[in-house]
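Data block below; observations after.
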Amino acid sequence: MPDALPPADPDAARWAAVLARDPKPGCGPFLYAVTTQGVFCRPGCPSRPPLRRNTRFFADVGTAEAAGFRACKRCDPKGERAGIHAAAIRAACDLIEQSETIPSLATLADRAGYARHHFLRLFREIVGVTPRSYAESVRARRLSAALASGARVADAVAEAGFGSESRVYEDTTRTLGMTPGAARRGGAGELIRVALADSALGPLMVGATDKGVCFIGFGEDEAGLRGDVMQRFPKARVVDAPEDLADIIRSVVAFVAEPRAALDLPLDLRGTAFQKRVWDALRAIPLGETRTYSGLAAEIGEPRATRAVARACAQNKVSLAVPCHRVVGKDGDLTGYRWGVERKRVLLAGEKAGRARG
């Protein structure tokens, strides 16, 4: 009789994840222990993989500890060190929020008890932006709130922590997306031209300022689409301009019907520095391809900012040109989409077919 085949390894998928140092394996969460060292680790541990015969697998921390293993100090499977780091960064954010001026990196790092380069890395990993960018967003939020309450521009600038009005006017788009005066008036004086068209995905509206397209969206009726345009600038003047936007409308409708190349339009994107980084990364995804939220976060150098990336995608108001529909869940699930999951499904199928056609 032929020799019997050796039994299949029931933990083959887990072992493959350990060898690949995959932090989020497709076989589900687990821990592995090294019998020769007495420690248990996450599958993404940077330590050298053990021999298979010295490896045991556990479902959670409790069962690993009950078997007599202790937590690895490198990958921190119990999350104790991660919790300490998160608390330190939260305290740094609180200090930034409470300070009238932007604290220096040295001040924040000393308060947290870390070297500056280590603190900077932790802050970016946990928050998704640098301390400077976070502090600038805090100032912009203060300024926006003060202007919305009716404060004079000079007073609002001082309250927000800017040294002078000139600092705000140097880069109004980065700070507020418009001049302080326009923000104080809720967008009054801002002119947004809009045009409505029918598309393969239903009613479509495009909105544009003098700087470029600021809105592309789908809806069920014109009233809903117009309300979506006005959501950001409730006092802006919205005018119908189908002739001015005719070329843009034709490009968008044609793309929806048969996507063949990137939708290249002049854009007026208004958001935080982090949001703009995410939107730039979205625009770099080739036609017919998708990314996961975690993958997109890694591409912009912020692997722990998956949730922040998802929020930035949801806050995108320029569909198609900033293709947030090309981001899917890790398991391929379409997840949510501002303009409807079914539209997302149709867009992705059309783009995949368009890429196949060359």
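Chains: A, B, ... in order of the structure tokens. Residues: from 1 per chain. Ligands: from 1, in order shown.
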Need to verify the contact set: Pro50 (chain A), 10 Å, only C-alpha atoms, exclusion of same-chain residues closer than 2 positions in sequence. Can you return it as a list in words? Val18, Leu19, Tyr32, Ala33, Val34, Thr35, Thr36, Gln37, Ser47, Arg48, Arg52, Arg53, Asn54 and Thr55 of chain A
Long-range neighbours of Ile102 (chain A) as a ChimeraX atom specification, 10 Å cut-off, only C-alpha atoms, 2 positions minimum in chain: /A:95-100,104-105,131-132,134-136,138-139,161-162
Can you spit out the residues from that selection as a compact mmCIF listing (two decimals), in the first residue's frame, using C-alpha atoms?
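For reference, selection-v4.txt as written:
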```
# COMPACT_ATOMS: atom_id res chain seq x y z
CA LEU A 95 -2.59 71.33 24.72
CA ILE A 96 -2.80 72.54 21.12
CA GLU A 97 -6.53 73.16 21.50
CA GLN A 98 -6.04 75.15 24.70
CA SER A 99 -3.05 77.23 23.56
CA GLU A 100 -3.57 80.69 22.10
CA SER A 104 6.54 74.28 19.31
CA LEU A 105 7.39 70.66 18.51
CA PRO A 131 1.31 68.63 14.95
CA ARG A 132 1.73 71.80 12.85
CA TYR A 134 -3.29 69.86 13.36
CA ALA A 135 -2.63 73.21 15.04
CA GLU A 136 -3.35 75.09 11.81
CA VAL A 138 -7.51 74.26 15.04
CA ARG A 139 -6.78 77.92 14.24
CA GLY A 161 -4.38 82.97 17.32
CA PHE A 162 -3.13 84.41 14.04
```
Taking the backbone alone, and naming residues the way the document does, which bits of region 239-344 of chain A are strand (DSSP E or B) by DSSP, as a PyMOL selection string? chain A and resi 239-240+267+291-292+318+327-328
Could the residues in this selection be saved with all heavy atoms as a short mmCIF file (atom, residue, chain, number, x, y, z; two decimals), in the first residue's frame?
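Now in out_6.cif:
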```
data_model
loop_
_atom_site.label_atom_id
_atom_site.label_comp_id
_atom_site.auth_asym_id
_atom_site.auth_seq_id
_atom_site.Cartn_x
_atom_site.Cartn_y
_atom_site.Cartn_z
N VAL A 239 -26.34 80.53 -9.27
CA VAL A 239 -27.02 80.91 -10.50
C VAL A 239 -26.95 79.78 -11.51
O VAL A 239 -25.97 79.04 -11.58
CB VAL A 239 -26.40 82.19 -11.11
CG1 VAL A 239 -26.53 83.36 -10.13
CG2 VAL A 239 -24.94 81.98 -11.49
N ASP A 240 -27.99 79.64 -12.29
CA ASP A 240 -28.00 78.65 -13.36
C ASP A 240 -27.16 79.16 -14.52
O ASP A 240 -27.36 80.29 -14.99
CB ASP A 240 -29.43 78.38 -13.82
CG ASP A 240 -30.26 77.69 -12.76
OD1 ASP A 240 -29.82 76.63 -12.29
OD2 ASP A 240 -31.32 78.22 -12.39
N LEU A 267 -10.35 72.16 -10.95
CA LEU A 267 -11.09 71.93 -9.71
C LEU A 267 -10.83 73.02 -8.68
O LEU A 267 -9.74 73.59 -8.63
CB LEU A 267 -10.70 70.57 -9.11
CG LEU A 267 -10.96 69.34 -9.98
CD1 LEU A 267 -10.49 68.09 -9.26
CD2 LEU A 267 -12.43 69.23 -10.36
N ARG A 291 -8.82 50.73 -4.48
CA ARG A 291 -7.96 50.67 -3.31
C ARG A 291 -8.83 50.40 -2.09
O ARG A 291 -10.02 50.72 -2.08
CB ARG A 291 -7.19 51.98 -3.10
CG ARG A 291 -6.28 52.38 -4.25
CD ARG A 291 -5.04 51.50 -4.29
NE ARG A 291 -4.09 52.00 -5.28
CZ ARG A 291 -4.10 51.65 -6.56
NH1 ARG A 291 -5.02 50.81 -7.01
NH2 ARG A 291 -3.21 52.15 -7.40
N THR A 292 -8.24 49.87 -1.04
CA THR A 292 -8.94 49.77 0.24
C THR A 292 -8.65 51.03 1.04
O THR A 292 -7.70 51.77 0.75
CB THR A 292 -8.47 48.55 1.03
OG1 THR A 292 -7.07 48.69 1.34
CG2 THR A 292 -8.69 47.26 0.25
N VAL A 318 -16.86 66.39 -4.98
CA VAL A 318 -16.62 66.43 -6.43
C VAL A 318 -16.47 64.99 -6.91
O VAL A 318 -15.36 64.49 -7.09
CB VAL A 318 -15.38 67.28 -6.77
CG1 VAL A 318 -15.27 67.46 -8.28
CG2 VAL A 318 -15.45 68.64 -6.09
N VAL A 327 -12.67 53.42 -3.84
CA VAL A 327 -12.19 52.88 -2.56
C VAL A 327 -13.24 51.91 -2.03
O VAL A 327 -14.42 52.25 -1.93
CB VAL A 327 -11.93 54.00 -1.54
CG1 VAL A 327 -11.30 53.42 -0.28
CG2 VAL A 327 -11.04 55.07 -2.12
N VAL A 328 -12.80 50.71 -1.69
CA VAL A 328 -13.72 49.65 -1.24
C VAL A 328 -13.22 49.09 0.09
O VAL A 328 -12.12 49.39 0.54
CB VAL A 328 -13.82 48.52 -2.29
CG1 VAL A 328 -14.38 49.06 -3.60
CG2 VAL A 328 -12.46 47.87 -2.52
#
```
For CA of Lys73 (chain A) and CA of Arg121 (chain A), the interatomic separation in Å (one decimal):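 Taking CA of Lys73 (chain A) and CA of Arg121 (chain A), their separation equals 18.8 Å.
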Just want the 8 Å neighbourhood of Arg283 (chain A), counted on only C-alpha atoms, with same-chain residues fewer than 4 positions away dropped. Output as a list in words.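 Final neighbour list, sorted by chain and number: Trp279, Ala321, Val322 and Pro323 of chain A.
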Excluding Lys276 (chain A) and its own-chain neighbours fewer than 6 positions away, which residues fall within 9 Å of it when counting only C-alpha atoms? Please give them as a VMD selection string. chain A and resid 269 to 270 312
Would you mind exporting the chosen residues as a PDB file, in the first residue's frame, restricted to N, CA and C atoms?
```pdb
ATOM      1  N   LEU A 269     -10.996  72.649  -4.991  1.00  0.00           N
ATOM      2  CA  LEU A 269     -11.162  71.737  -3.863  1.00  0.00           C
ATOM      3  C   LEU A 269     -10.891  72.480  -2.566  1.00  0.00           C
ATOM      4  N   ARG A 270     -11.830  72.417  -1.644  1.00  0.00           N
ATOM      5  CA  ARG A 270     -11.707  73.152  -0.394  1.00  0.00           C
ATOM      6  C   ARG A 270     -11.807  72.182   0.782  1.00  0.00           C
ATOM      7  N   ALA A 312     -12.519  61.534   4.999  1.00  0.00           N
ATOM      8  CA  ALA A 312     -12.154  62.448   3.910  1.00  0.00           C
ATOM      9  C   ALA A 312     -12.831  62.034   2.603  1.00  0.00           C
TER      10      ALA A 312
END
```
Atomic distance CA of Asp94 (chain A) - CA of Ala281 (chain A), expressed in Å with one decimal: 29.3 Å
Just the residues within 9 Å of Pro259 (chain A), please, counting only C-alpha atoms, with nothing from its chain fewer than 5 positions along; format it as an mmCIF file with N, CA, C and O atoms, in the first residue's frame.
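Once written, result.cif looks like this:
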```cif
data_model
loop_
_atom_site.group_PDB
_atom_site.id
_atom_site.type_symbol
_atom_site.label_atom_id
_atom_site.label_comp_id
_atom_site.auth_asym_id
_atom_site.auth_seq_id
_atom_site.Cartn_x
_atom_site.Cartn_y
_atom_site.Cartn_z
ATOM 1 N N ALA A 254 -20.471 62.172 -20.616
ATOM 2 C CA ALA A 254 -19.806 61.181 -21.476
ATOM 3 C C ALA A 254 -18.984 60.203 -20.651
ATOM 4 O O ALA A 254 -18.943 59.002 -20.957
ATOM 5 N N LEU A 287 -7.820 54.385 -13.724
ATOM 6 C CA LEU A 287 -9.133 53.941 -14.156
ATOM 7 C C LEU A 287 -9.206 52.420 -14.120
ATOM 8 O O LEU A 287 -8.292 51.729 -14.567
ATOM 9 N N LEU A 347 -20.547 52.480 -11.605
ATOM 10 C CA LEU A 347 -19.338 53.208 -11.986
ATOM 11 C C LEU A 347 -18.130 52.281 -12.074
ATOM 12 O O LEU A 347 -17.368 52.317 -13.044
ATOM 13 N N GLY A 350 -18.386 49.987 -15.059
ATOM 14 C CA GLY A 350 -18.134 50.720 -16.292
ATOM 15 C C GLY A 350 -16.668 51.046 -16.482
ATOM 16 O O GLY A 350 -16.128 50.961 -17.597
ATOM 17 N N GLU A 351 -15.994 51.413 -15.389
ATOM 18 C CA GLU A 351 -14.571 51.740 -15.489
ATOM 19 C C GLU A 351 -13.730 50.498 -15.789
ATOM 20 O O GLU A 351 -12.757 50.573 -16.546
ATOM 21 N N LYS A 352 -14.115 49.383 -15.199
ATOM 22 C CA LYS A 352 -13.386 48.147 -15.474
ATOM 23 C C LYS A 352 -13.531 47.764 -16.945
ATOM 24 O O LYS A 352 -12.561 47.363 -17.604
ATOM 25 N N ALA A 353 -14.764 47.927 -17.474
ATOM 26 C CA ALA A 353 -14.980 47.621 -18.893
ATOM 27 C C ALA A 353 -14.224 48.615 -19.774
ATOM 28 O O ALA A 353 -13.667 48.250 -20.809
ATOM 29 N N GLY A 354 -14.209 49.877 -19.360
ATOM 30 C CA GLY A 354 -13.493 50.898 -20.127
ATOM 31 C C GLY A 354 -12.011 50.624 -20.188
ATOM 32 O O GLY A 354 -11.365 50.819 -21.219
ATOM 33 N N ARG A 355 -11.456 50.165 -19.079
ATOM 34 C CA ARG A 355 -10.034 49.833 -19.073
ATOM 35 C C ARG A 355 -9.752 48.634 -19.989
ATOM 36 O O ARG A 355 -8.738 48.591 -20.694
#
```
Show which residues sit within 10 Å of Pro303 (chain A), as a VMD selection string. Count only C-alpha atoms, and ignore same-chain residues fewer than 2 positions away. chain A and resid 124 to 126 128 293 to 301 305 to 306 309
May I have the residues within 9 Å of Phe57 (chain A) as a list in words, using only C-alpha atoms and disregarding those fewer than 3 positions away in the same chain?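 The neighbour list is Asp11, Arg14, Trp15, Phe30, Leu31, Tyr32, Ala33, Phe40 and Ala64 of chain A.
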Go through A:Ala66, A:Ala261, A:Val127, A:Ala246 one by one, measure the shortest atom-to-atom distance of each to Ala86 (chain A) using only C-alpha atoms, and give the residue with the smallest value.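 Smallest separation from Ala86 (chain A) among the options: A:Val127.
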For Ala284 (chain A), which of A:Cys324, A:Ala314, A:Leu334, A:Ala349 is the closest residue, counting only C-alpha atoms?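 Among the listed residues, A:Cys324 lies closest to Ala284 (chain A).
Comparing A:Ser199, A:Thr63, A:Gln231, A:Ser319 by their smallest distance to Leu265 (chain A), the closest is A:Ser319 (using only C-alpha atoms).
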Out of A:Gly207, A:Gly227, A:Pro234, A:Gly329, which residue has the shortest atom-to-atom distance to Ile248 (chain A) when counting only C-alpha atoms? A:Gly207
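If only C-alpha atoms are the atoms counted, then among A:Arg304, A:Arg250, A:Arg338, A:Lys330 the closest residue to Leu122 (chain A) is A:Arg304.
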Counting only C-alpha atoms, closest pick from A:Ala67, A:Leu263, A:Ile192, A:Met205 relative to Gly38 (chain A) is A:Ala67
Quick check, in Å to one decimal: how far apart do CA of Lys211 (chain A) and CA of Asp264 (chain A) lie?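 That distance, rounded to one decimal, is 14.5 Å.
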